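Novice: Got a file for you: data31.txt, compact mmCIF, C-alpha atoms.
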```
# COMPACT_ATOMS: atom_id res chain seq x y z
CA MET A 1 -1.86 18.39 -9.97
CA SER A 2 -1.28 19.80 -6.52
CA LEU A 3 -2.66 16.77 -4.71
CA ALA A 4 0.81 15.31 -4.24
CA ARG A 5 1.98 18.64 -2.89
CA ILE A 6 -0.83 18.78 -0.35
CA PHE A 7 0.29 15.43 1.06
CA GLU A 8 3.94 16.46 1.08
CA GLN A 9 3.26 19.79 2.74
CA HIS A 10 1.13 18.29 5.49
CA PRO A 11 2.68 14.98 6.54
CA ASP A 12 0.75 15.04 9.84
CA ARG A 13 -2.61 14.93 8.16
CA ARG A 14 -3.10 11.22 8.29
CA TYR A 15 -6.86 10.93 8.40
CA ILE A 16 -7.88 11.36 4.79
CA MET A 17 -11.45 11.63 3.69
CA PHE A 18 -13.07 11.97 0.33
CA GLY A 19 -16.56 13.35 0.61
CA GLY A 20 -19.26 14.18 -1.86
CA LYS A 21 -22.49 12.95 -3.34
CA GLY A 22 -22.92 9.32 -4.25
CA GLY A 23 -21.39 8.44 -7.58
CA MET A 24 -18.94 11.33 -7.65
CA GLY A 25 -15.91 9.12 -7.24
CA LYS A 26 -15.11 8.94 -3.53
CA THR A 27 -14.34 5.23 -3.61
CA THR A 28 -12.21 5.64 -6.72
CA PHE A 29 -10.17 8.42 -5.16
CA SER A 30 -9.93 6.64 -1.82
CA ALA A 31 -8.53 3.58 -3.54
CA ALA A 32 -6.20 5.56 -5.79
CA ALA A 33 -4.87 7.70 -2.92
CA ALA A 34 -4.32 4.58 -0.84
CA TYR A 35 -2.46 2.98 -3.76
CA TYR A 36 -0.23 6.03 -4.22
CA LEU A 37 0.65 6.25 -0.54
CA ALA A 38 1.32 2.53 -0.29
CA LYS A 39 3.67 2.72 -3.28
CA LYS A 40 5.45 5.55 -1.49
CA GLY A 41 6.15 3.18 1.37
CA LYS A 42 3.43 4.27 3.76
CA ARG A 43 1.29 1.77 5.61
CA VAL A 44 -2.27 2.60 4.63
CA LEU A 45 -5.68 1.41 5.75
CA VAL A 46 -8.53 2.36 3.46
CA PHE A 47 -11.86 1.45 4.89
CA SER A 48 -15.43 1.88 3.97
CA VAL A 49 -18.00 3.36 6.27
CA ASP A 50 -20.71 3.21 3.69
CA PRO A 51 -23.26 0.45 4.27
CA GLN A 52 -23.32 0.14 0.48
CA ALA A 53 -19.63 -0.65 0.55
CA SER A 54 -17.82 -0.73 -2.78
CA LEU A 55 -14.17 -1.34 -1.91
CA THR A 56 -14.78 -4.99 -2.70
CA ASP A 57 -15.91 -3.92 -6.17
CA ILE A 58 -13.04 -1.59 -6.88
CA PHE A 59 -10.27 -3.87 -5.63
CA GLN A 60 -12.02 -6.90 -7.09
CA ARG A 61 -11.37 -8.79 -3.89
CA ASP A 62 -14.01 -9.93 -1.46
CA ILE A 63 -13.02 -8.07 1.67
CA PHE A 64 -16.45 -7.57 3.17
CA GLY A 65 -16.52 -8.23 6.90
CA LYS A 66 -13.08 -9.83 6.82
CA GLY A 67 -11.11 -7.23 8.73
CA PRO A 68 -8.12 -5.45 7.16
CA THR A 69 -7.05 -7.31 4.02
CA GLU A 70 -3.72 -6.77 2.33
CA ILE A 71 -4.23 -5.74 -1.31
CA ILE A 72 -0.63 -4.93 -2.20
CA PRO A 73 2.27 -4.49 0.25
CA ASN A 74 1.44 -1.62 2.63
CA LEU A 75 -2.11 -1.29 1.36
CA TYR A 76 -4.85 -2.70 3.52
CA ALA A 77 -8.56 -2.43 2.80
CA GLN A 78 -11.46 -3.09 5.13
CA GLU A 79 -15.19 -3.15 4.70
CA VAL A 80 -17.08 -3.16 7.95
CA ASP A 81 -19.98 -5.60 8.08
CA ALA A 82 -22.27 -3.27 9.95
CA ASP A 83 -25.19 -5.69 9.88
CA ARG A 84 -23.24 -8.40 11.64
CA ARG A 85 -21.87 -5.94 14.17
CA VAL A 86 -25.38 -4.70 15.01
CA LYS A 87 -26.64 -8.27 15.48
CA GLU A 88 -23.69 -9.17 17.72
CA TYR A 89 -24.30 -6.00 19.69
CA GLN A 90 -27.99 -6.78 20.18
CA GLY A 91 -26.95 -10.18 21.54
CA GLU A 92 -24.56 -8.55 23.98
CA ILE A 93 -27.27 -6.19 25.24
CA ARG A 94 -29.81 -9.03 25.60
CA GLN A 95 -27.34 -11.13 27.54
CA LYS A 96 -26.55 -8.25 29.82
CA ILE A 97 -30.24 -7.76 30.61
CA LEU A 98 -30.73 -11.45 31.31
CA ASP A 99 -27.70 -11.48 33.61
CA MET A 100 -28.54 -8.24 35.42
CA TYR A 101 -32.08 -9.25 36.34
CA GLY A 102 -31.79 -13.01 36.45
CA MET A 103 -34.38 -13.40 33.72
CA ASP A 104 -34.92 -16.37 31.46
CA GLU A 105 -36.12 -14.30 28.57
CA ILE A 106 -36.35 -10.69 27.52
CA PRO A 107 -39.65 -8.91 28.27
CA GLU A 108 -41.66 -8.35 25.11
CA GLU A 109 -41.59 -4.58 25.37
CA ILE A 110 -37.83 -4.55 25.66
CA GLU A 111 -37.47 -6.93 22.74
CA ARG A 112 -39.68 -4.69 20.64
CA TYR A 113 -37.53 -1.72 21.48
CA ILE A 114 -34.36 -3.57 20.56
CA HIS A 115 -35.87 -4.46 17.20
CA ALA A 116 -37.18 -0.96 16.52
CA ALA A 117 -33.90 0.71 17.41
CA SER A 118 -31.94 -1.66 15.20
CA ALA A 119 -34.21 -1.09 12.21
CA GLU A 120 -33.27 2.58 12.07
CA PRO A 121 -30.73 3.45 9.33
CA ALA A 122 -28.96 5.52 11.95
CA MET A 123 -28.22 2.34 13.92
CA GLU A 124 -26.05 0.91 11.16
CA GLU A 125 -24.24 4.20 10.64
CA SER A 126 -23.63 4.77 14.34
CA ALA A 127 -22.35 1.19 14.60
CA ILE A 128 -19.94 1.88 11.76
CA PHE A 129 -18.71 5.12 13.27
CA ASP A 130 -18.11 3.38 16.55
CA LYS A 131 -16.07 0.82 14.63
CA VAL A 132 -14.11 3.67 13.05
CA VAL A 133 -13.14 4.87 16.53
CA ASP A 134 -11.98 1.34 17.37
CA ILE A 135 -9.88 1.08 14.24
CA VAL A 136 -8.25 4.45 14.73
CA VAL A 137 -7.64 3.91 18.45
CA ASN A 138 -5.99 0.56 17.68
CA GLY A 139 -3.57 2.32 15.37
CA GLY A 140 -0.92 0.51 13.36
CA TYR A 141 -1.13 2.54 10.18
CA ASP A 142 0.52 5.64 8.81
CA TYR A 143 -2.60 6.72 6.95
CA TYR A 144 -6.29 6.11 7.38
CA ILE A 145 -8.48 6.76 4.39
CA TYR A 146 -12.19 6.86 4.89
CA ASP A 147 -14.52 6.30 2.05
CA LEU A 148 -17.33 8.40 3.42
CA VAL A 149 -21.06 7.99 3.02
CA PRO A 150 -22.76 10.45 0.72
CA LEU A 151 -23.23 14.04 1.75
CA GLY A 152 -26.47 13.87 3.74
CA HIS A 153 -25.41 11.30 6.32
CA THR A 154 -22.01 12.83 6.96
CA LEU A 155 -23.59 16.13 7.75
CA TYR A 156 -26.17 14.50 10.00
CA TYR A 157 -23.37 13.05 12.08
CA LEU A 158 -21.39 16.25 12.18
CA SER A 159 -24.43 18.22 13.22
CA MET A 160 -25.33 15.78 15.96
CA ALA A 161 -21.86 15.30 17.46
CA SER A 162 -21.80 18.60 19.34
CA VAL A 163 -25.45 18.21 20.31
CA TYR A 164 -24.76 14.81 21.84
CA ASP A 165 -21.82 16.19 23.69
CA ALA A 166 -23.97 18.90 25.26
CA TRP A 167 -26.74 16.40 26.01
CA ILE A 168 -24.40 13.92 27.65
CA ASP A 169 -23.04 16.69 29.82
CA LYS A 170 -26.57 17.59 30.84
CA ILE A 171 -27.48 13.98 31.42
CA THR A 172 -24.44 13.23 33.59
CA HIS A 173 -25.19 16.36 35.57
CA LEU A 174 -28.80 15.22 35.96
CA ARG A 175 -27.68 11.78 37.05
CA GLU A 176 -25.37 13.26 39.63
CA GLN A 177 -28.24 15.33 40.95
CA ILE A 178 -30.47 12.27 41.00
CA ARG A 179 -27.80 10.47 42.93
CA GLU A 180 -27.82 13.23 45.57
CA TYR A 181 -31.58 13.11 45.92
CA ASP A 182 -31.42 9.39 45.92
CA GLN A 183 -29.09 9.37 48.84
CA VAL A 184 -31.32 11.74 50.77
CA ALA A 185 -34.45 9.73 50.04
CA ALA A 186 -32.71 6.43 50.66
CA VAL A 187 -31.44 7.52 54.05
CA MET A 188 -34.90 8.65 55.02
CA ARG A 189 -36.61 5.54 53.82
CA HIS A 190 -33.86 3.00 54.39
CA GLU A 191 -33.96 1.96 50.78
CA LYS A 192 -31.32 0.32 48.61
CA GLU A 193 -29.42 2.75 46.43
CA LEU A 194 -29.47 2.53 42.65
CA ASP A 195 -26.32 1.55 40.89
CA GLU A 196 -25.64 5.13 39.82
CA ASP A 197 -21.98 4.55 39.28
CA ALA A 198 -22.57 2.01 36.52
CA ILE A 199 -24.87 4.37 34.62
CA LEU A 200 -22.53 7.30 35.01
CA ASN A 201 -19.69 5.19 33.71
CA GLU A 202 -21.71 4.22 30.65
CA LEU A 203 -22.53 7.84 29.95
CA LEU A 204 -18.92 8.86 30.25
CA TYR A 205 -17.90 6.01 27.95
CA ILE A 206 -20.46 7.13 25.36
CA LYS A 207 -19.33 10.72 25.63
CA ASP A 208 -15.74 9.64 25.08
CA ARG A 209 -16.64 7.63 21.97
CA LEU A 210 -18.67 10.47 20.49
CA LYS A 211 -15.89 12.89 21.21
CA LYS A 212 -13.33 10.66 19.54
CA SER A 213 -15.37 10.08 16.42
CA SER A 214 -16.14 13.76 16.01
CA SER A 215 -12.54 14.77 16.66
CA ILE A 216 -11.42 12.45 13.88
CA LEU A 217 -13.63 14.51 11.60
CA THR A 218 -12.57 17.92 12.85
CA ASP A 219 -8.90 17.83 13.90
CA LYS A 220 -7.26 20.38 11.59
CA ASN A 221 -3.78 19.08 12.16
CA LYS A 222 -4.54 15.46 11.54
CA THR A 223 -7.35 15.53 9.01
CA ALA A 224 -7.49 16.26 5.29
CA PHE A 225 -10.92 16.42 3.76
CA PHE A 226 -11.36 16.48 0.01
CA PHE A 227 -14.65 17.24 -1.64
CA VAL A 228 -15.32 15.49 -4.89
CA LEU A 229 -17.64 17.08 -7.38
CA ALA A 230 -18.59 17.06 -11.05
CA ALA A 231 -19.48 19.86 -13.45
CA GLU A 232 -23.23 19.65 -12.94
CA GLU A 233 -25.57 22.24 -11.50
CA MET A 234 -27.18 20.27 -8.65
CA VAL A 235 -23.86 18.80 -7.60
CA ILE A 236 -22.26 22.24 -7.44
CA ARG A 237 -25.11 23.63 -5.38
CA ASP A 238 -25.12 20.74 -2.93
CA THR A 239 -21.35 20.96 -2.61
CA ALA A 240 -21.55 24.67 -1.83
CA LYS A 241 -24.19 24.02 0.84
CA ALA A 242 -22.12 21.25 2.34
CA ALA A 243 -19.02 23.46 2.36
CA GLU A 244 -20.97 26.06 4.34
CA LEU A 245 -22.00 23.51 6.91
CA PHE A 246 -18.48 22.15 7.10
CA ALA A 247 -17.20 25.64 7.79
CA LYS A 248 -19.84 25.99 10.47
CA PHE A 249 -18.70 22.80 12.20
CA ASP A 250 -15.07 23.63 11.69
CA VAL A 251 -14.34 20.63 9.52
CA PRO A 252 -10.99 21.28 7.84
CA LEU A 253 -11.51 21.27 4.08
CA SER A 254 -8.32 20.81 2.13
CA GLY A 255 -9.84 21.43 -1.24
CA TYR A 256 -11.94 20.24 -4.13
CA ILE A 257 -11.39 17.67 -6.82
CA ILE A 258 -13.37 17.89 -10.02
CA ASN A 259 -14.11 14.46 -11.39
CA ARG A 260 -15.56 12.98 -14.54
CA VAL A 261 -14.28 15.73 -16.83
CA LEU A 262 -14.94 14.89 -20.45
CA PRO A 263 -11.97 15.57 -22.74
CA LYS A 264 -12.28 19.09 -24.15
CA GLU A 265 -10.61 18.05 -27.41
CA LEU A 266 -13.80 16.23 -28.36
CA LYS A 267 -15.33 19.60 -29.16
CA ASP A 268 -13.08 19.95 -32.21
CA GLN A 269 -14.12 16.59 -33.56
CA ASN A 270 -17.16 15.55 -35.48
CA ILE A 271 -19.46 14.61 -32.64
CA PRO A 272 -23.21 14.21 -32.24
CA GLU A 273 -25.26 17.18 -31.04
CA TYR A 274 -26.02 15.61 -27.71
CA LEU A 275 -22.32 15.19 -26.89
CA ARG A 276 -21.56 18.71 -28.06
CA ASN A 277 -24.25 20.01 -25.73
CA ARG A 278 -22.79 18.10 -22.84
CA LEU A 279 -19.34 19.52 -23.52
CA LEU A 280 -20.70 23.07 -23.65
CA MET A 281 -22.60 22.45 -20.42
CA GLN A 282 -19.42 21.15 -18.84
CA GLU A 283 -17.45 24.17 -20.00
CA HIS A 284 -20.03 26.43 -18.41
CA TYR A 285 -20.11 24.61 -15.11
CA LEU A 286 -16.34 24.34 -14.93
CA GLU A 287 -16.32 28.11 -15.09
CA VAL A 288 -18.90 28.26 -12.28
CA ILE A 289 -16.76 25.94 -10.18
CA GLU A 290 -13.68 28.03 -10.95
CA LYS A 291 -15.53 31.07 -9.66
CA ASP A 292 -17.33 29.58 -6.64
CA PHE A 293 -14.39 27.57 -5.33
CA ALA A 294 -11.59 29.79 -6.51
CA GLY A 295 -8.16 28.84 -5.28
CA GLN A 296 -9.34 25.62 -3.70
CA ILE A 297 -9.44 23.31 -6.67
CA LEU A 298 -6.69 20.77 -6.29
CA ALA A 299 -7.21 18.59 -9.29
CA SER A 300 -9.28 18.04 -12.37
CA VAL A 301 -9.65 14.38 -13.17
CA PRO A 302 -10.82 13.15 -16.56
CA GLU A 303 -13.58 10.67 -17.16
CA MET A 304 -11.62 7.53 -17.87
CA GLU A 305 -12.25 5.39 -20.92
CA ARG A 306 -13.68 2.66 -18.72
CA ASP A 307 -14.80 2.25 -15.13
CA VAL A 308 -12.05 2.27 -12.56
CA THR A 309 -11.95 -1.22 -11.16
CA GLY A 310 -8.98 -3.47 -10.63
CA LEU A 311 -5.42 -2.54 -9.78
CA PRO A 312 -4.21 -1.47 -13.27
CA MET A 313 -6.98 1.15 -13.57
CA ILE A 314 -6.43 2.23 -9.96
CA GLU A 315 -2.75 2.77 -10.71
CA LYS A 316 -3.65 4.74 -13.81
CA MET A 317 -6.03 6.91 -11.79
CA ALA A 318 -3.40 7.39 -9.05
CA LYS A 319 -0.93 8.67 -11.64
CA VAL A 320 -3.50 11.06 -13.05
CA MET A 321 -4.14 12.40 -9.54
CA PHE A 322 -0.63 12.48 -8.13
CA GLY A 323 1.67 12.50 -11.13
CA GLU A 324 4.21 9.83 -11.99
CA PHE A 325 5.62 7.67 -9.21
CA MET B 1 -41.85 13.26 88.61
CA ALA B 2 -44.21 11.01 86.73
CA GLU B 3 -45.96 14.05 85.41
CA GLN B 4 -42.59 15.34 84.17
CA GLU B 5 -41.81 12.05 82.46
CA LYS B 6 -45.23 11.94 80.92
CA LYS B 7 -44.76 15.44 79.55
CA SER B 8 -41.34 14.65 78.06
CA GLY B 9 -42.78 11.42 76.73
CA LEU B 10 -45.52 13.35 75.01
CA LEU B 11 -43.06 15.93 73.82
CA GLN B 12 -40.91 13.19 72.39
CA SER B 13 -43.87 11.74 70.54
CA VAL B 14 -44.80 15.16 69.21
CA LYS B 15 -41.20 15.70 68.18
CA LYS B 16 -41.13 12.34 66.46
CA PHE B 17 -44.42 13.04 64.79
CA VAL B 18 -43.30 16.47 63.53
CA TYR B 19 -39.97 15.17 62.38
CA GLY B 20 -41.77 12.33 60.75
CA LEU B 21 -44.00 14.72 58.84
CA VAL B 22 -41.06 16.83 57.78
CA ALA B 23 -39.00 13.85 56.80
CA HIS B 24 -41.90 12.38 54.91
CA ASP B 25 -42.41 15.65 53.10
CA GLN B 26 -38.76 15.91 52.27
CA ALA B 27 -38.71 12.35 51.14
CA ARG B 28 -41.77 13.04 49.02
CA PHE B 29 -40.14 16.07 47.50
CA ALA B 30 -36.90 14.24 46.93
CA LEU B 31 -38.81 11.40 45.34
CA LYS B 32 -40.89 13.70 43.19
CA THR B 33 -37.88 15.59 41.92
CA LYS B 34 -36.03 12.36 41.41
CA ALA B 35 -38.98 10.88 39.58
CA SER B 36 -39.18 13.81 37.20
CA MET B 37 -35.44 13.68 36.70
CA GLU B 38 -35.59 9.96 35.99
CA HIS B 39 -38.41 10.81 33.67
CA LEU B 40 -36.34 13.39 31.85
CA PHE B 41 -33.30 11.18 31.80
CA ILE B 42 -35.17 8.30 30.26
CA LEU B 43 -36.76 10.59 27.71
CA ILE B 44 -33.39 11.89 26.68
CA THR B 45 -31.73 8.53 26.41
CA MET B 46 -34.58 6.35 25.22
CA GLY B 47 -36.74 8.94 23.49
CA ASP B 48 -36.61 6.69 20.41
CA MET B 49 -39.44 4.73 21.96
CA LEU B 50 -41.73 7.68 21.57
CA GLY B 51 -40.20 8.84 18.30
CA VAL B 52 -37.89 11.44 19.80
CA PRO B 53 -34.44 10.33 18.67
CA ILE B 54 -31.61 12.15 20.37
CA LEU B 55 -28.69 9.82 21.01
CA PRO B 56 -27.36 7.64 18.21
CA PRO B 57 -29.29 4.37 18.55
CA TYR B 58 -26.05 2.41 18.94
CA TYR B 59 -25.36 4.22 22.18
CA SER B 60 -28.85 4.51 23.61
CA LEU B 61 -29.08 0.73 23.29
CA ARG B 62 -26.10 0.51 25.62
CA LEU B 63 -28.16 2.16 28.34
CA LEU B 64 -31.19 -0.05 27.86
CA PRO B 65 -30.27 -2.66 30.51
CA TYR B 66 -30.29 0.03 33.20
CA MET B 67 -33.70 1.26 32.14
CA VAL B 68 -35.45 -2.10 32.14
CA PRO B 69 -37.23 -1.80 35.50
CA GLN B 70 -38.56 1.61 34.64
CA ILE B 71 -39.53 1.21 31.03
CA SER B 72 -43.07 -0.09 31.16
CA THR B 73 -44.00 2.22 34.00
CA TRP B 74 -42.26 5.12 32.25
CA LYS B 75 -44.05 4.73 28.97
CA ARG B 76 -47.40 4.63 30.72
CA ARG B 77 -46.52 7.68 32.77
CA MET B 78 -45.27 9.52 29.75
CA LEU B 79 -48.57 9.00 28.04
CA ARG B 80 -50.70 9.74 31.06
CA GLU B 81 -48.59 12.59 32.38
CA LYS B 82 -49.11 11.52 35.95
CA ASP B 83 -46.54 11.23 38.64
CA LEU B 84 -45.48 8.27 40.71
CA THR B 85 -45.72 10.25 43.91
CA ASP B 86 -49.43 10.85 43.28
CA ALA B 87 -49.73 7.45 44.87
CA PHE B 88 -48.71 8.99 48.19
CA GLY B 89 -51.54 11.50 48.00
```
Would you write out, as structure tokens, the structure that this file holds?
Specialist:
Amino acid sequence: MSLARIFEQHPDRRYIMFGGKGGMGKTTFSAAAAYYLAKKGKRVLVFSVDPQASLTDIFQRDIFGKGPTEIIPNLYAQEVDADRRVKEYQGEIRQKILDMYGMDEIPEEIERYIHAASAEPAMEESAIFDKVVDIVVNGGYDYYIYDLVPLGHTLYYLSMASVYDAWIDKITHLREQIREYDQVAAVMRHEKELDEDAILNELLYIKDRLKKSSSILTDKNKTAFFFVLAAEEMVIRDTAKAAELFAKFDVPLSGYIINRVLPKELKDQNIPEYLRNRLLMQEHYLEVIEKDFAGQILASVPEMERDVTGLPMIEKMAKVMFGEF
Amino acid sequence: MAEQEKKSGLLQSVKKFVYGLVAHDQARFALKTKASMEHLFILITMGDMLGVPILPPYYSLRLLPYMVPQISTWKRRMLREKDLTDAFG
């Protein structure tokens, strides 16, 4: 297994991400990698950015919304309670509006907007990503392991990051132009000037946050991205598509990990037809993977005899991935 | 002498009047451009309201307090495609 080697060869790559479709094993690998690194004496934070967080399940500890929780020495796990964060945030915005305009209550139209915006799935995800920036900026760990959301959402964010950057630039430019016109008009009509500075500051803050979260995803020197896949047709195709997009957005891909590999030895045993078929299918698709992702496959991980939950199974998985330690 | 003063008085008034027109026009133009820029700015940042999502909702919400005075008027304008400065004629 060359996974251990990858970590040894690139000690600066401290933002680790396991990506791939739901159910491929990202959480398992995130937990196992975190375990391995912690045992090697590194201070690790593994955190979930998936609203359907499952670190609680795999560590069998309720860590949801509780901040970084120590699992074993050096290993900290965190599940962000995005829902609570969004609600707190709404409260902050409401309070700001009440304070700014000396209102007693929020106008109905504004309240409706706040509700509508918060109902979007993108609200929860963007809240989580903002939290990621916070966590990383606060520092305090040698390694950060992100248990990423399934393929579609990750790509949405990657595709939007550069768009937002360009838009914010345009917007700040627009605002600066507005400010010029404003001054001209205000002088001529003796009007009060808008608080342009405050808006500009907000825009610059937003731009900075977006830049930080996208740089975490794309910094070649600091980021290692592993794609997890299984020997199935649709998964292989989706992975190939995602890899293309990642290349387009310059996301550094360290390599692929094949998961859920059924033991080949079963073929020689007396097994039911259905299982034999599955093994043949797997053989075929492993060859496809070998061809399509030649030279980039870092590990082939077997389907374990039971689900990977709890520390003993995590340790077992870590040893399969990284060798004895 | 009085005649002279009267003339300069008149000239002054004409000057004031002309400058007034010009200034008003410039102010109108500045306002119109500003209005359409505000318009564009709000669309970009709060487009969600009309189903045109551009910024992540977490961040566009941050800008909401600054947009409060303009929102109800903006939405109506957006749907009517008229301009605030039409009021000046």
Novice: Centre and edge lengths, as AutoDock Vina command-line options, for the axis-aligned box enclosing every listed atom of stretch 94-112 of chain A with 8 Å of padding on each of the six sides, in Å to one decimal?
Specialist:
```
--center_x -34.1 --center_y -10.5 --center_z 28.5 --size_x 31.1 --size_y 27.8 --size_z 31.8
```
Novice: What lies within 8 Å of A:Ala230 using all atoms listed in the file, ignoring chain neighbours under 5 positions off, as a ChimeraX atom specification?
Specialist: /A:24,235-236,258-261
Novice: What is the distance, in Å and to one decimal place, between atom CA of A:Tyr205 and atom CA of A:Ile93?
Specialist: 15.6 Å
Novice: Got a sec: who's within 12 Å of A:Met321, counting all atoms listed in the file, leaving out chain neighbours fewer than 6 positions off, as JSON, numbers by chain?
Specialist: {"A": [1, 2, 3, 4, 5, 6, 7, 28, 29, 30, 31, 32, 33, 34, 35, 36, 37, 257, 258, 259, 298, 299, 300, 301, 302, 314, 315]}
Novice: In Å, how far is it from atom CA of A:Asp62 to atom CA of A:Leu217?
Specialist: 27.7 Å
Novice: Go through A:Arg237, A:His115, A:Lys212, A:Lys66 and flag the residue nearest chain B, using all atoms listed in the file for the distances.
Specialist: A:His115
Novice: So what do you get for atom CA of A:Leu210 versus atom CA of B:Tyr59, distance-wise?
Specialist: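 That distance, rounded to one decimal, is 9.3 Å.
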Novice: Choose the residue, out of B:Val14, B:Gly9, B:Pro69, B:Pro56, that has the smallest atom-to-atom separation from chain A; count only C-alpha atoms.
Specialist: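 Result for the nearest residue to chain A: B:Pro56.
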